[in-house]
>>> print(open('input_21.csv').read())   # CSV, C-alpha atoms
chain,number,residue,atom,x,y,z
A,252,MET,CA,93.2,126.5,84.5
A,253,SER,CA,92.7,130.1,85.6
A,254,ASP,CA,95.3,131.9,87.7
A,255,ALA,CA,92.7,132.0,90.5
A,256,ALA,CA,92.3,128.3,90.3
A,257,LEU,CA,96.0,127.7,90.2
A,258,LEU,CA,96.6,130.0,93.2
A,259,LEU,CA,93.9,128.3,95.3
A,260,ALA,CA,95.1,124.8,94.4
A,261,ALA,CA,98.7,125.8,95.4
A,262,LEU,CA,97.5,127.2,98.7
A,263,ARG,CA,95.4,124.1,99.4
A,264,LYS,CA,98.3,121.8,98.6
A,265,ARG,CA,100.4,123.8,101.2
A,266,GLY,CA,97.5,123.8,103.8
A,267,GLN,CA,97.5,127.6,103.6
A,268,SER,CA,94.9,130.3,103.0
A,269,CYS,CA,94.5,133.8,101.6
A,270,ALA,CA,92.4,136.9,102.1
A,271,VAL,CA,92.1,140.1,100.1
A,272,ALA,CA,91.8,143.8,100.8
A,273,GLU,CA,90.4,145.7,97.7
A,274,SER,CA,90.0,149.3,96.8
A,275,LEU,CA,89.9,150.0,93.1
A,276,THR,CA,88.7,146.5,92.3
A,277,GLY,CA,85.8,146.8,94.7
A,278,GLY,CA,85.3,143.1,95.3
A,279,LEU,CA,86.2,141.8,91.8
A,280,LEU,CA,89.3,140.0,93.1
A,281,ALA,CA,87.3,138.2,95.8
A,282,ALA,CA,84.6,137.4,93.2
A,283,THR,CA,87.2,135.9,90.9
A,284,MET,CA,88.5,133.7,93.7
A,285,VAL,CA,85.0,132.4,94.8
A,286,ASP,CA,84.2,131.7,91.2
A,287,VAL,CA,86.5,128.7,91.5
A,288,PRO,CA,84.8,125.5,92.8
A,289,GLY,CA,86.2,124.6,96.2
A,290,ALA,CA,87.5,128.1,96.9
A,291,SER,CA,86.4,127.7,100.5
A,292,HIS,CA,89.3,125.4,101.2
A,293,SER,CA,91.8,128.2,100.8
A,294,PHE,CA,90.0,131.5,100.5
A,295,ARG,CA,89.1,133.1,103.8
A,296,GLY,CA,87.4,136.3,102.7
A,297,GLY,CA,88.1,139.9,102.1
A,298,LEU,CA,87.7,143.5,102.9
A,299,ILE,CA,86.3,146.1,100.4
A,300,VAL,CA,87.9,149.3,101.6
A,301,TYR,CA,86.9,151.7,98.8
A,302,ALA,CA,86.7,154.8,101.0
A,303,THR,CA,90.1,156.0,102.3
A,304,ASP,CA,89.0,156.0,106.0
A,305,LEU,CA,88.1,152.4,105.8
A,306,LYS,CA,91.6,151.5,104.8
A,307,ALA,CA,92.6,152.5,108.3
A,308,THR,CA,89.6,151.3,110.3
A,309,LEU,CA,89.1,147.9,108.5
A,310,ALA,CA,92.4,147.1,106.8
A,311,LEU,CA,94.6,148.4,109.6
A,312,VAL,CA,96.5,150.8,107.4
A,313,PRO,CA,98.2,153.4,109.6
A,314,ALA,CA,96.2,156.6,109.5
A,315,ASP,CA,99.4,158.7,109.4
A,316,LEU,CA,100.5,156.8,106.3
A,317,LEU,CA,97.2,157.6,104.6
A,318,ALA,CA,97.4,161.2,105.6
A,319,GLU,CA,100.9,161.6,104.4
A,320,ARG,CA,100.8,159.7,101.1
A,321,GLY,CA,97.1,159.1,100.3
A,322,PRO,CA,95.6,155.8,99.3
A,323,VAL,CA,97.5,155.2,96.0
A,324,ASP,CA,100.8,154.3,97.4
A,325,PRO,CA,103.0,151.1,97.5
A,326,ASP,CA,103.3,151.1,101.3
A,327,VAL,CA,99.5,151.5,101.6
A,328,ALA,CA,99.1,148.5,99.4
A,329,LEU,CA,101.5,146.4,101.5
A,330,ALA,CA,99.7,147.5,104.7
A,331,MET,CA,96.3,146.6,103.2
A,332,ALA,CA,97.6,143.1,102.3
A,333,GLN,CA,98.9,142.7,105.8
A,334,GLY,CA,95.6,143.9,107.2
A,335,ALA,CA,93.7,141.4,105.2
A,336,ARG,CA,95.9,138.6,106.7
A,337,GLU,CA,95.4,139.8,110.2
A,338,ARG,CA,91.7,140.6,110.0
A,339,CYS,CA,90.8,137.4,108.2
A,340,GLY,CA,93.3,135.0,109.9
A,341,ALA,CA,94.9,134.1,106.6
A,342,ASP,CA,98.5,133.0,105.8
A,343,TRP,CA,98.6,135.3,102.7
A,344,GLY,CA,97.1,138.7,102.0
A,345,ILE,CA,96.6,140.3,98.6
A,346,SER,CA,95.6,143.9,98.0
A,347,THR,CA,94.7,146.3,95.2
A,348,THR,CA,94.6,150.1,95.4
A,349,GLY,CA,94.7,152.7,92.7
A,350,VAL,CA,92.8,154.9,90.3
A,351,ALA,CA,90.3,153.2,87.9
A,352,GLY,CA,89.4,156.5,86.2
A,353,PRO,CA,88.2,158.2,84.3
A,354,GLN,CA,89.5,161.2,86.3
A,355,SER,CA,92.8,161.5,88.2
A,356,GLN,CA,92.8,161.2,92.0
A,357,ASP,CA,95.2,163.2,94.2
A,358,GLY,CA,97.6,163.7,91.3
A,359,HIS,CA,97.6,160.0,90.3
A,360,PRO,CA,96.4,159.4,86.7
A,361,PRO,CA,93.8,156.9,85.7
A,362,GLY,CA,95.3,153.4,85.4
A,363,GLU,CA,97.9,153.9,88.2
A,364,ALA,CA,97.6,151.1,90.7
A,365,TYR,CA,99.4,148.9,93.1
A,366,VAL,CA,99.0,145.3,93.9
A,367,ALA,CA,100.6,143.8,97.0
A,368,VAL,CA,101.1,140.3,98.3
A,369,VAL,CA,102.2,139.6,101.9
A,370,GLY,CA,102.9,136.1,103.2
A,371,PRO,CA,104.6,134.3,106.0
A,372,ALA,CA,108.1,135.4,104.8
A,373,THR,CA,107.3,137.5,101.7
A,374,SER,CA,106.2,141.1,101.0
A,375,ILE,CA,106.0,142.3,97.4
A,376,VAL,CA,104.3,145.2,95.7
A,377,HIS,CA,103.9,145.9,92.0
A,378,ARG,CA,103.1,149.2,90.4
A,379,MET,CA,100.9,149.2,87.4
A,380,HIS,CA,100.2,151.8,84.6
A,381,GLU,CA,97.2,150.5,82.6
A,382,THR,CA,95.3,152.2,79.8
A,383,GLY,CA,91.7,151.7,79.0
A,384,ASP,CA,88.3,152.2,80.7
A,385,ARG,CA,87.5,151.5,84.3
A,386,ASP,CA,86.6,147.8,83.6
A,387,GLN,CA,89.9,147.2,81.8
A,388,VAL,CA,91.9,148.8,84.6
A,389,ARG,CA,90.1,146.9,87.3
A,390,GLY,CA,90.4,143.6,85.3
A,391,SER,CA,94.2,144.2,84.8
A,392,ALA,CA,94.6,144.8,88.5
A,393,VAL,CA,92.9,141.5,89.4
A,394,ARG,CA,95.0,139.6,86.8
A,395,ALA,CA,98.2,141.3,88.2
A,396,ALA,CA,97.3,140.5,91.8
A,397,LEU,CA,96.7,136.8,91.0
A,398,ALA,CA,99.9,136.5,88.9
A,399,HIS,CA,102.0,138.1,91.6
A,400,ALA,CA,100.5,136.0,94.3
A,401,LEU,CA,101.3,132.9,92.2
A,402,ASP,CA,104.9,134.1,91.8
A,403,ALA,CA,105.2,134.7,95.5
A,404,LEU,CA,104.2,131.2,96.3
A,405,GLY,CA,106.9,130.0,94.0
>>> encode(input="input_21.csv", output="structure tokens")
Amino acid sequence: MSDAALLLAALRKRGQSCAVAESLTGGLLAATMVDVPGASHSFRGGLIVYATDLKATLALVPADLLAERGPVDPDVALAMAQGARERCGADWGISTTGVAGPQSQDGHPPGEAYVAVVGPATSIVHRMHETGDRDQVRGSAVRAALAHALDALG
């Protein structure tokens, strides 16, 4: 069983739901979730906030945080996950933000990314440094997000 299937099954068993806010993965995390039959029982939806300004307007990331630190930041990842929870009415929020490459962005190298999980009593963020092309970096971020969400659920 895939991590997405395991996560959705665990959420369903608890009577809980999740939502996502994605930047560098551009919808890949949501697509991975909805590939699972029965995902609608636990997956509420998501926000694709690829542009920095959308992180503030759609995902509720404080504009001053984005101005001070930029979009590739652990606190931005946490705020995105919380924003996904709030905007989608979910128990859990999962987010991805970072640099898929091939160029650096605002001093952050390709492959630097953050995944965050925010739940009823949990907030975790994980920093990643991946090598490879854009698809490899984005795929690694999705796998990390799912793994950390599973860990957070216990």
>>> residues_near_point(input="input_21.csv", point="(90.1, 137.0, 101.1)", cutoff="9 Å", atoms="only C-alpha atoms", output="JSON, numbers by chain")
{"A": [268, 269, 270, 271, 272, 280, 281, 284, 293, 294, 295, 296, 297, 298, 335, 336, 339, 341, 343, 344, 345]}
>>> residues_around(input="input_21.csv", residues="Pro313 (chain A)", least_positions_apart="6", cutoff="9 Å", atoms="all atoms listed in the file", output="MDAnalysis selection string")
chainID A and resid 306:307 327 330
>>> residues_around(input="input_21.csv", residues="Ser346 (chain A)", least_positions_apart="3", cutoff="8 Å", atoms="all atoms listed in the file", output="list of chain:residue names")
A:Val271, A:Ala272, A:Glu273, A:Ser274, A:Ala328, A:Leu329, A:Met331, A:Ala332, A:Ala335, A:Tyr365, A:Val366, A:Ala367, A:Val368, A:Ala396
>>> atom_distance(input="input_21.csv", atom1="CA of Thr283 (chain A)", atom2="CA of Gly321 (chain A)")
26.9 Å
>>> closest_atom_pairs(input="input_21.csv", of="region 254-365 of chain A", to="region 382-387 of chain A", cutoff="7 Å", atoms="all atoms listed in the file", output="JSON lines")
{"residue": "A:Ala351", "atom": "CA", "partner": "A:Arg385", "partner_atom": "CA", "distance": 4.9}
{"residue": "A:Gly352", "atom": "CA", "partner": "A:Arg385", "partner_atom": "CA", "distance": 5.7}
{"residue": "A:Pro353", "atom": "CA", "partner": "A:Arg385", "partner_atom": "CA", "distance": 6.7}
{"residue": "A:Gly362", "atom": "CA", "partner": "A:Thr382", "partner_atom": "CA", "distance": 5.7}
>>> closest_residue(input="input_21.csv", among="A:Ser391, A:Thr348, A:Ser253, A:Gln267", to="Tyr301 (chain A)", atoms="all atoms listed in the file")
A:Thr348
>>> atom_distance(input="input_21.csv", atom1="CA of Val369 (chain A)", atom2="CA of Ser355 (chain A)")
27.5 Å
>>> closest_residue(input="input_21.csv", among="A:Val323, A:Ala372, A:Leu404, A:Val393", to="His359 (chain A)", atoms="all atoms listed in the file")
A:Val323
>>> closest_residue(input="input_21.csv", among="A:Gly340, A:Pro288, A:Pro371, A:Gly390", to="Leu257 (chain A)", atoms="only C-alpha atoms")
A:Pro288
>>> closest_residue(input="input_21.csv", among="A:Asp357, A:Glu381, A:Asp342, A:Asp286", to="Leu317 (chain A)", atoms="all atoms listed in the file")
A:Asp357
